[in-house]
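Undergrad: Can you keep this structure in mind? I'll have questions shortly.
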Amino acid sequence: MERMNKGGKLYYVGAGTSGRLGVLDASECPPTFGVEKDLVIGLIAGGDKALRNSIEDAEDNTEAGAKEITEMITKADVVVGIAASGSTPYVIGAMEASKQLGAYTVAISCKRNAPLSTYVDCPIELDVGPEVVQGSTRLKAGTAQKMVLNMISTTTMIKLGKVYGDLMINVQATNDKLRKRLNAIVREIANVDTKTANQFIELAGGDPKMAILMNKYQLSREEAQTVLTTSKGHLRKAMQLLEN
(Lines give C-alpha, C1' and ligand atoms only; values in the text may rest on other atoms or scores of the structure.)
Protein backbone atom coordinates (compact mmCIF):
# COMPACT_ATOMS: atom_id res chain seq x y z
CA MET A 1 0.00 0.00 0.00
CA GLU A 2 2.89 2.34 -0.76
CA ARG A 3 0.60 4.57 -2.82
CA MET A 4 -1.50 5.37 0.24
CA ASN A 5 1.63 6.49 2.07
CA LYS A 6 1.89 9.11 -0.67
CA GLY A 7 -1.66 10.41 -0.37
CA GLY A 8 -3.66 7.80 -2.27
CA LYS A 9 -7.01 6.38 -1.22
CA LEU A 10 -8.42 2.86 -1.02
CA TYR A 11 -11.63 2.06 -2.91
CA TYR A 12 -13.79 -1.05 -2.70
CA VAL A 13 -16.16 -1.73 -5.60
CA GLY A 14 -18.83 -4.41 -5.59
CA ALA A 15 -22.48 -5.33 -6.13
CA GLY A 16 -24.98 -7.05 -3.85
CA THR A 17 -23.38 -8.88 -0.93
CA SER A 18 -19.87 -8.12 -2.19
CA GLY A 19 -20.66 -4.41 -2.40
CA ARG A 20 -22.18 -4.35 1.08
CA LEU A 21 -19.09 -6.05 2.53
CA GLY A 22 -16.87 -3.42 0.92
CA VAL A 23 -18.98 -0.56 2.29
CA LEU A 24 -18.99 -2.23 5.73
CA ASP A 25 -15.22 -2.58 5.88
CA ALA A 26 -14.73 1.00 4.67
CA SER A 27 -17.19 2.39 7.20
CA GLU A 28 -15.37 0.66 10.08
CA CYS A 29 -12.01 2.29 9.34
CA PRO A 30 -12.68 5.80 10.77
CA PRO A 31 -13.87 4.67 14.24
CA THR A 32 -11.26 1.91 14.51
CA PHE A 33 -8.23 3.69 13.11
CA GLY A 34 -9.15 7.37 13.40
CA VAL A 35 -8.71 8.05 9.68
CA GLU A 36 -10.61 10.49 7.50
CA LYS A 37 -13.97 9.28 6.21
CA ASP A 38 -12.80 9.56 2.60
CA LEU A 39 -9.56 7.55 2.98
CA VAL A 40 -11.30 4.19 2.48
CA ILE A 41 -14.41 4.36 0.31
CA GLY A 42 -16.91 1.62 -0.52
CA LEU A 43 -18.92 1.78 -3.76
CA ILE A 44 -21.91 -0.46 -4.37
CA ALA A 45 -23.88 -0.91 -7.58
CA GLY A 46 -27.17 0.95 -7.20
CA GLY A 47 -25.80 3.41 -4.63
CA ASP A 48 -26.57 3.63 -0.92
CA LYS A 49 -30.14 2.47 -1.46
CA ALA A 50 -28.72 -0.93 -2.41
CA LEU A 51 -27.31 -1.35 1.09
CA ARG A 52 -30.78 -2.12 2.45
CA ASN A 53 -32.71 -2.96 -0.69
CA SER A 54 -31.89 -5.52 -3.35
CA ILE A 55 -31.26 -3.83 -6.71
CA GLU A 56 -30.11 -6.89 -8.60
CA ASP A 57 -30.01 -5.45 -12.13
CA ALA A 58 -27.62 -2.66 -11.08
CA GLU A 59 -24.74 -5.12 -11.22
CA ASP A 60 -25.28 -5.66 -14.96
CA ASN A 61 -24.33 -2.09 -15.88
CA THR A 62 -20.68 -2.08 -17.00
CA GLU A 63 -20.82 1.58 -17.99
CA ALA A 64 -22.12 2.65 -14.58
CA GLY A 65 -19.17 1.01 -12.84
CA ALA A 66 -16.69 2.68 -15.16
CA LYS A 67 -18.36 6.10 -14.93
CA GLU A 68 -18.66 6.10 -11.15
CA ILE A 69 -15.06 5.15 -10.48
CA THR A 70 -13.70 7.47 -13.17
CA GLU A 71 -15.31 10.45 -11.46
CA MET A 72 -13.52 9.67 -8.19
CA ILE A 73 -10.06 8.15 -8.55
CA THR A 74 -6.55 9.23 -9.50
CA LYS A 75 -3.47 7.21 -10.39
CA ALA A 76 -2.36 7.48 -6.75
CA ASP A 77 -5.26 5.30 -5.57
CA VAL A 78 -5.78 1.58 -4.97
CA VAL A 79 -9.04 0.03 -6.22
CA VAL A 80 -10.27 -3.37 -5.04
CA GLY A 81 -13.00 -5.06 -7.08
CA ILE A 82 -15.10 -7.59 -5.14
CA ALA A 83 -17.20 -10.15 -6.99
CA ALA A 84 -17.89 -13.69 -5.80
CA SER A 85 -18.64 -14.85 -9.34
CA GLY A 86 -15.67 -12.99 -10.75
CA SER A 87 -17.80 -11.83 -13.66
CA THR A 88 -19.99 -8.97 -12.38
CA PRO A 89 -20.21 -6.37 -15.21
CA TYR A 90 -20.42 -3.36 -12.85
CA VAL A 91 -17.18 -4.41 -11.13
CA ILE A 92 -15.39 -5.32 -14.37
CA GLY A 93 -16.28 -1.91 -15.81
CA ALA A 94 -14.91 -0.17 -12.73
CA MET A 95 -11.69 -2.18 -12.69
CA GLU A 96 -11.02 -1.76 -16.39
CA ALA A 97 -11.44 2.01 -16.05
CA SER A 98 -9.29 2.11 -12.90
CA LYS A 99 -6.41 0.35 -14.58
CA GLN A 100 -6.62 2.64 -17.60
CA LEU A 101 -6.37 5.63 -15.26
CA GLY A 102 -3.22 4.23 -13.65
CA ALA A 103 -4.61 3.18 -10.27
CA TYR A 104 -3.30 -0.03 -8.69
CA THR A 105 -6.02 -2.66 -9.07
CA VAL A 106 -6.90 -5.73 -7.01
CA ALA A 107 -9.67 -8.30 -7.50
CA ILE A 108 -11.29 -10.59 -4.94
CA SER A 109 -13.32 -13.39 -6.48
CA CYS A 110 -14.40 -16.83 -5.29
CA LYS A 111 -13.53 -19.08 -8.21
CA ARG A 112 -10.43 -20.08 -10.10
CA ASN A 113 -9.57 -18.35 -13.38
CA ALA A 114 -12.21 -15.70 -12.78
CA PRO A 115 -12.74 -13.26 -15.70
CA LEU A 116 -12.26 -10.34 -13.28
CA SER A 117 -8.70 -11.50 -12.57
CA THR A 118 -7.61 -10.58 -16.09
CA TYR A 119 -8.49 -6.91 -15.57
CA VAL A 120 -6.31 -6.23 -12.51
CA ASP A 121 -2.73 -6.05 -11.30
CA CYS A 122 -3.28 -8.35 -8.31
CA PRO A 123 -5.95 -11.07 -8.55
CA ILE A 124 -7.04 -12.86 -5.36
CA GLU A 125 -9.05 -16.01 -6.04
CA LEU A 126 -10.73 -17.74 -3.09
CA ASP A 127 -11.74 -21.26 -4.11
CA VAL A 128 -14.45 -21.77 -1.48
CA GLY A 129 -16.36 -24.40 -3.43
CA PRO A 130 -20.17 -24.73 -3.83
CA GLU A 131 -22.43 -22.96 -1.34
CA VAL A 132 -24.64 -24.96 1.04
CA VAL A 133 -27.56 -23.09 -0.53
CA GLN A 134 -26.73 -23.03 -4.23
CA GLY A 135 -25.90 -19.58 -5.53
CA SER A 136 -26.20 -17.86 -2.14
CA THR A 137 -22.82 -16.13 -2.11
CA ARG A 138 -23.63 -14.39 1.17
CA LEU A 139 -22.50 -17.65 2.82
CA LYS A 140 -19.02 -19.13 2.25
CA ALA A 141 -18.05 -16.61 -0.40
CA GLY A 142 -19.19 -13.66 1.67
CA THR A 143 -17.39 -14.90 4.76
CA ALA A 144 -14.16 -15.45 2.84
CA GLN A 145 -14.38 -12.04 1.17
CA LYS A 146 -14.93 -10.32 4.51
CA MET A 147 -11.83 -11.97 5.94
CA VAL A 148 -9.70 -10.77 3.04
CA LEU A 149 -11.10 -7.23 3.30
CA ASN A 150 -10.23 -7.26 7.02
CA MET A 151 -6.67 -8.25 6.11
CA ILE A 152 -6.35 -5.55 3.45
CA SER A 153 -7.66 -2.68 5.56
CA THR A 154 -5.85 -3.74 8.75
CA THR A 155 -2.52 -4.23 6.97
CA THR A 156 -2.95 -0.88 5.26
CA MET A 157 -3.60 0.87 8.57
CA ILE A 158 -0.58 -0.79 10.17
CA LYS A 159 1.65 0.45 7.34
CA LEU A 160 0.16 3.93 7.65
CA GLY A 161 1.07 4.00 11.35
CA LYS A 162 -2.49 3.86 12.65
CA VAL A 163 -1.61 0.89 14.86
CA TYR A 164 1.17 0.52 17.45
CA GLY A 165 1.92 -3.12 18.17
CA ASP A 166 -1.57 -4.56 18.57
CA LEU A 167 -3.06 -1.30 19.88
CA MET A 168 -5.53 0.98 18.08
CA ILE A 169 -3.38 4.03 18.66
CA ASN A 170 -5.67 6.30 16.61
CA VAL A 171 -8.91 5.24 18.32
CA GLN A 172 -11.49 8.00 18.65
CA ALA A 173 -12.88 8.09 22.20
CA THR A 174 -16.52 8.79 21.33
CA ASN A 175 -18.12 6.74 24.11
CA ASP A 176 -17.30 5.41 27.58
CA LYS A 177 -15.97 2.08 26.32
CA LEU A 178 -13.56 3.78 23.95
CA ARG A 179 -12.47 6.32 26.58
CA LYS A 180 -11.48 3.40 28.80
CA ARG A 181 -9.66 1.78 25.89
CA LEU A 182 -7.81 5.01 25.14
CA ASN A 183 -6.72 5.22 28.78
CA ALA A 184 -5.52 1.61 28.69
CA ILE A 185 -3.47 2.30 25.54
CA VAL A 186 -1.74 5.31 27.09
CA ARG A 187 -1.13 3.36 30.33
CA GLU A 188 0.47 0.47 28.48
CA ILE A 189 2.76 2.43 26.16
CA ALA A 190 3.71 5.24 28.58
CA ASN A 191 3.83 2.87 31.58
CA VAL A 192 1.74 5.10 33.84
CA ASP A 193 -1.27 4.63 36.12
CA THR A 194 -4.90 5.40 35.25
CA LYS A 195 -4.92 8.84 36.87
CA THR A 196 -1.73 9.98 35.14
CA ALA A 197 -2.96 8.64 31.79
CA ASN A 198 -6.18 10.63 32.13
CA GLN A 199 -4.26 13.79 33.02
CA PHE A 200 -2.11 13.58 29.92
CA ILE A 201 -5.03 12.61 27.70
CA GLU A 202 -6.79 15.77 28.86
CA LEU A 203 -3.68 17.89 28.29
CA ALA A 204 -3.38 16.37 24.81
CA GLY A 205 -6.96 17.18 23.91
CA GLY A 206 -7.89 13.50 23.71
CA ASP A 207 -5.08 12.54 21.30
CA PRO A 208 -3.50 9.30 22.62
CA LYS A 209 -0.30 9.65 20.58
CA MET A 210 0.27 13.17 21.83
CA ALA A 211 -0.49 12.12 25.41
CA ILE A 212 2.09 9.33 25.18
CA LEU A 213 4.80 11.59 23.77
CA MET A 214 4.10 14.35 26.29
CA ASN A 215 4.42 11.93 29.20
CA LYS A 216 7.15 9.62 27.96
CA TYR A 217 9.47 12.38 26.73
CA GLN A 218 8.37 15.29 28.95
CA LEU A 219 7.21 17.40 26.01
CA SER A 220 4.79 20.29 25.84
CA ARG A 221 1.69 19.84 23.70
CA GLU A 222 3.23 22.07 21.03
CA GLU A 223 6.48 20.08 21.02
CA ALA A 224 4.62 16.78 20.76
CA GLN A 225 2.52 18.14 17.89
CA THR A 226 5.66 19.24 16.04
CA VAL A 227 7.19 15.77 16.28
CA LEU A 228 3.95 14.11 15.18
CA THR A 229 3.70 16.48 12.22
CA THR A 230 7.27 15.64 11.21
CA SER A 231 6.53 11.91 11.44
CA LYS A 232 3.22 12.36 9.60
CA GLY A 233 1.29 11.12 12.64
CA HIS A 234 3.28 7.88 12.89
CA LEU A 235 3.90 7.23 16.62
CA ARG A 236 6.74 4.75 16.23
CA LYS A 237 8.59 7.09 13.85
CA ALA A 238 7.99 10.00 16.23
CA MET A 239 9.51 8.00 19.09
CA GLN A 240 12.48 7.08 16.93
CA LEU A 241 13.05 10.76 16.12
CA LEU A 242 13.07 11.62 19.82
CA GLU A 243 15.40 8.77 20.74
CA ASN A 244 17.99 9.34 17.99
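Ordering of the C-alpha coordinates sets the chain letters (A, B, ...); residue numbers start at 1 within each chain; ligands are numbered from 1 in the order shown.
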Going by DSSP on the backbone, which bits of stretch 50-181 of chain A are strand (DSSP E or B)? Write them as a PyMOL selection string, please.

TA: chain A and resi 78-83+104-109+122-125+164+167

Undergrad: Under the rule of at most 12 Å, produce a per-residue listing of stretch 127-193 of chain A near stretch 70-82 of chain A: chain, number, name, the closest pair of atoms, and the distance in Å, as a Markdown table, using only C-alpha atoms.

TA:
| residue | atom | partner | partner_atom | distance |
| --- | --- | --- | --- | --- |
| A:Thr137 | CA | A:Ile82 | CA | 11.9 |
| A:Ala141 | CA | A:Ile82 | CA | 10.6 |
| A:Gly142 | CA | A:Ile82 | CA | 10.0 |
| A:Ala144 | CA | A:Ile82 | CA | 11.2 |
| A:Gln145 | CA | A:Ile82 | CA | 7.8 |
| A:Lys146 | CA | A:Ile82 | CA | 10.0 |
| A:Val148 | CA | A:Ile82 | CA | 10.3 |
| A:Leu149 | CA | A:Val80 | CA | 9.2 |
| A:Ile152 | CA | A:Val80 | CA | 9.6 |
| A:Ser153 | CA | A:Val80 | CA | 10.9 |
| A:Thr156 | CA | A:Val78 | CA | 10.9 |

Undergrad: Between A:Gly165, A:Thr32, A:Gly8, A:Gly93, which has the minimum distance to A:Arg181 (counting only C-alpha atoms)?

TA: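 Among the listed residues, the smallest separation from A:Arg181 belongs to A:Thr32.
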
Undergrad: Could the residues of stretch 108-206 of chain A that have an atom at most 12 Å from stretch 220-226 of chain A be listed as a tab-separated table, each with its closest atom pair and the distance in Å to one decimal, counting only C-alpha atoms and ordered by chain and ascending residue number?

TA:
residue	atom	partner	partner_atom	distance
A:Phe200	CA	A:Arg221	CA	9.6
A:Ile201	CA	A:Arg221	CA	10.7
A:Glu202	CA	A:Arg221	CA	10.7
A:Leu203	CA	A:Arg221	CA	7.3
A:Ala204	CA	A:Arg221	CA	6.2
A:Gly205	CA	A:Arg221	CA	9.1
A:Gly206	CA	A:Arg221	CA	11.5

Undergrad: Now that the selection is made, can you save its residues with all heavy atoms as a tab-separated table (two decimals), in the first residue's frame?

TA:
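Final file, selection-v2.tsv:
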chain	number	residue	atom	x	y	z
A	200	PHE	N	-2.80	13.27	31.17
A	200	PHE	CA	-2.11	13.58	29.92
A	200	PHE	C	-3.05	13.52	28.72
A	200	PHE	O	-2.87	14.26	27.75
A	200	PHE	CB	-0.89	12.66	29.73
A	200	PHE	CG	0.32	13.14	30.48
A	200	PHE	CD1	0.57	12.70	31.76
A	200	PHE	CD2	1.18	14.05	29.90
A	200	PHE	CE1	1.67	13.17	32.47
A	200	PHE	CE2	2.28	14.53	30.58
A	200	PHE	CZ	2.54	14.09	31.88
A	201	ILE	N	-4.04	12.65	28.78
A	201	ILE	CA	-5.03	12.61	27.70
A	201	ILE	C	-5.78	13.94	27.64
A	201	ILE	O	-6.03	14.49	26.56
A	201	ILE	CB	-6.01	11.44	27.92
A	201	ILE	CG1	-5.31	10.10	27.66
A	201	ILE	CG2	-7.23	11.58	27.01
A	201	ILE	CD1	-6.09	8.89	28.11
A	202	GLU	N	-6.11	14.48	28.81
A	202	GLU	CA	-6.79	15.77	28.86
A	202	GLU	C	-5.89	16.89	28.34
A	202	GLU	O	-6.32	17.75	27.55
A	202	GLU	CB	-7.24	16.08	30.29
A	202	GLU	CG	-8.07	17.35	30.41
A	202	GLU	CD	-8.62	17.58	31.80
A	202	GLU	OE1	-8.52	16.66	32.64
A	202	GLU	OE2	-9.17	18.67	32.03
A	203	LEU	N	-4.63	16.88	28.76
A	203	LEU	CA	-3.68	17.89	28.29
A	203	LEU	C	-3.47	17.81	26.78
A	203	LEU	O	-3.23	18.82	26.12
A	203	LEU	CB	-2.33	17.70	29.00
A	203	LEU	CG	-2.26	18.09	30.47
A	203	LEU	CD1	-0.93	17.64	31.07
A	203	LEU	CD2	-2.45	19.59	30.64
A	204	ALA	N	-3.59	16.59	26.24
A	204	ALA	CA	-3.38	16.37	24.81
A	204	ALA	C	-4.64	16.56	23.99
A	204	ALA	O	-4.65	16.31	22.78
A	204	ALA	CB	-2.82	14.97	24.59
A	205	GLY	N	-5.71	16.97	24.64
A	205	GLY	CA	-6.96	17.18	23.91
A	205	GLY	C	-7.58	15.89	23.40
A	205	GLY	O	-8.28	15.90	22.38
A	206	GLY	N	-7.30	14.78	24.10
A	206	GLY	CA	-7.89	13.50	23.71
A	206	GLY	C	-7.09	12.72	22.69
A	206	GLY	O	-7.52	11.65	22.25

Undergrad: Residues within 12 Å of stretch 227-233 of chain A, please, as a PyMOL selection string. Count only C-alpha atoms; anything in the same chain fewer than 2 positions from it doesn't count.

TA: chain A and resi 5-7+34-35+159-164+169-170+207-214+217+219-225+235-243

Undergrad: Extract, using only C-alpha atoms, all DNA, RNA and protein residues at most 9 Å from stretch 56-60 of chain A, discarding same-chain residues fewer than 6 positions from it, and format them as a ChimeraX atom specification.

TA: /A:14-16,44-46,50,88-91

Undergrad: When you count only C-alpha atoms, which of these residues is closest to A:Glu96: A:Val13, A:Leu126, A:Asp176, A:Asn113?

TA: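 Closest candidate: A:Val13.
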
Undergrad: Which residues in stretch 23-216 of chain A does DSSP call helix (DSSP H, G or I)? List them as a PyMOL selection string.

TA: chain A and resi 23-33+48-51+56-60+62-70+89-100+115-119+140-159+176-190+194-203+208-216
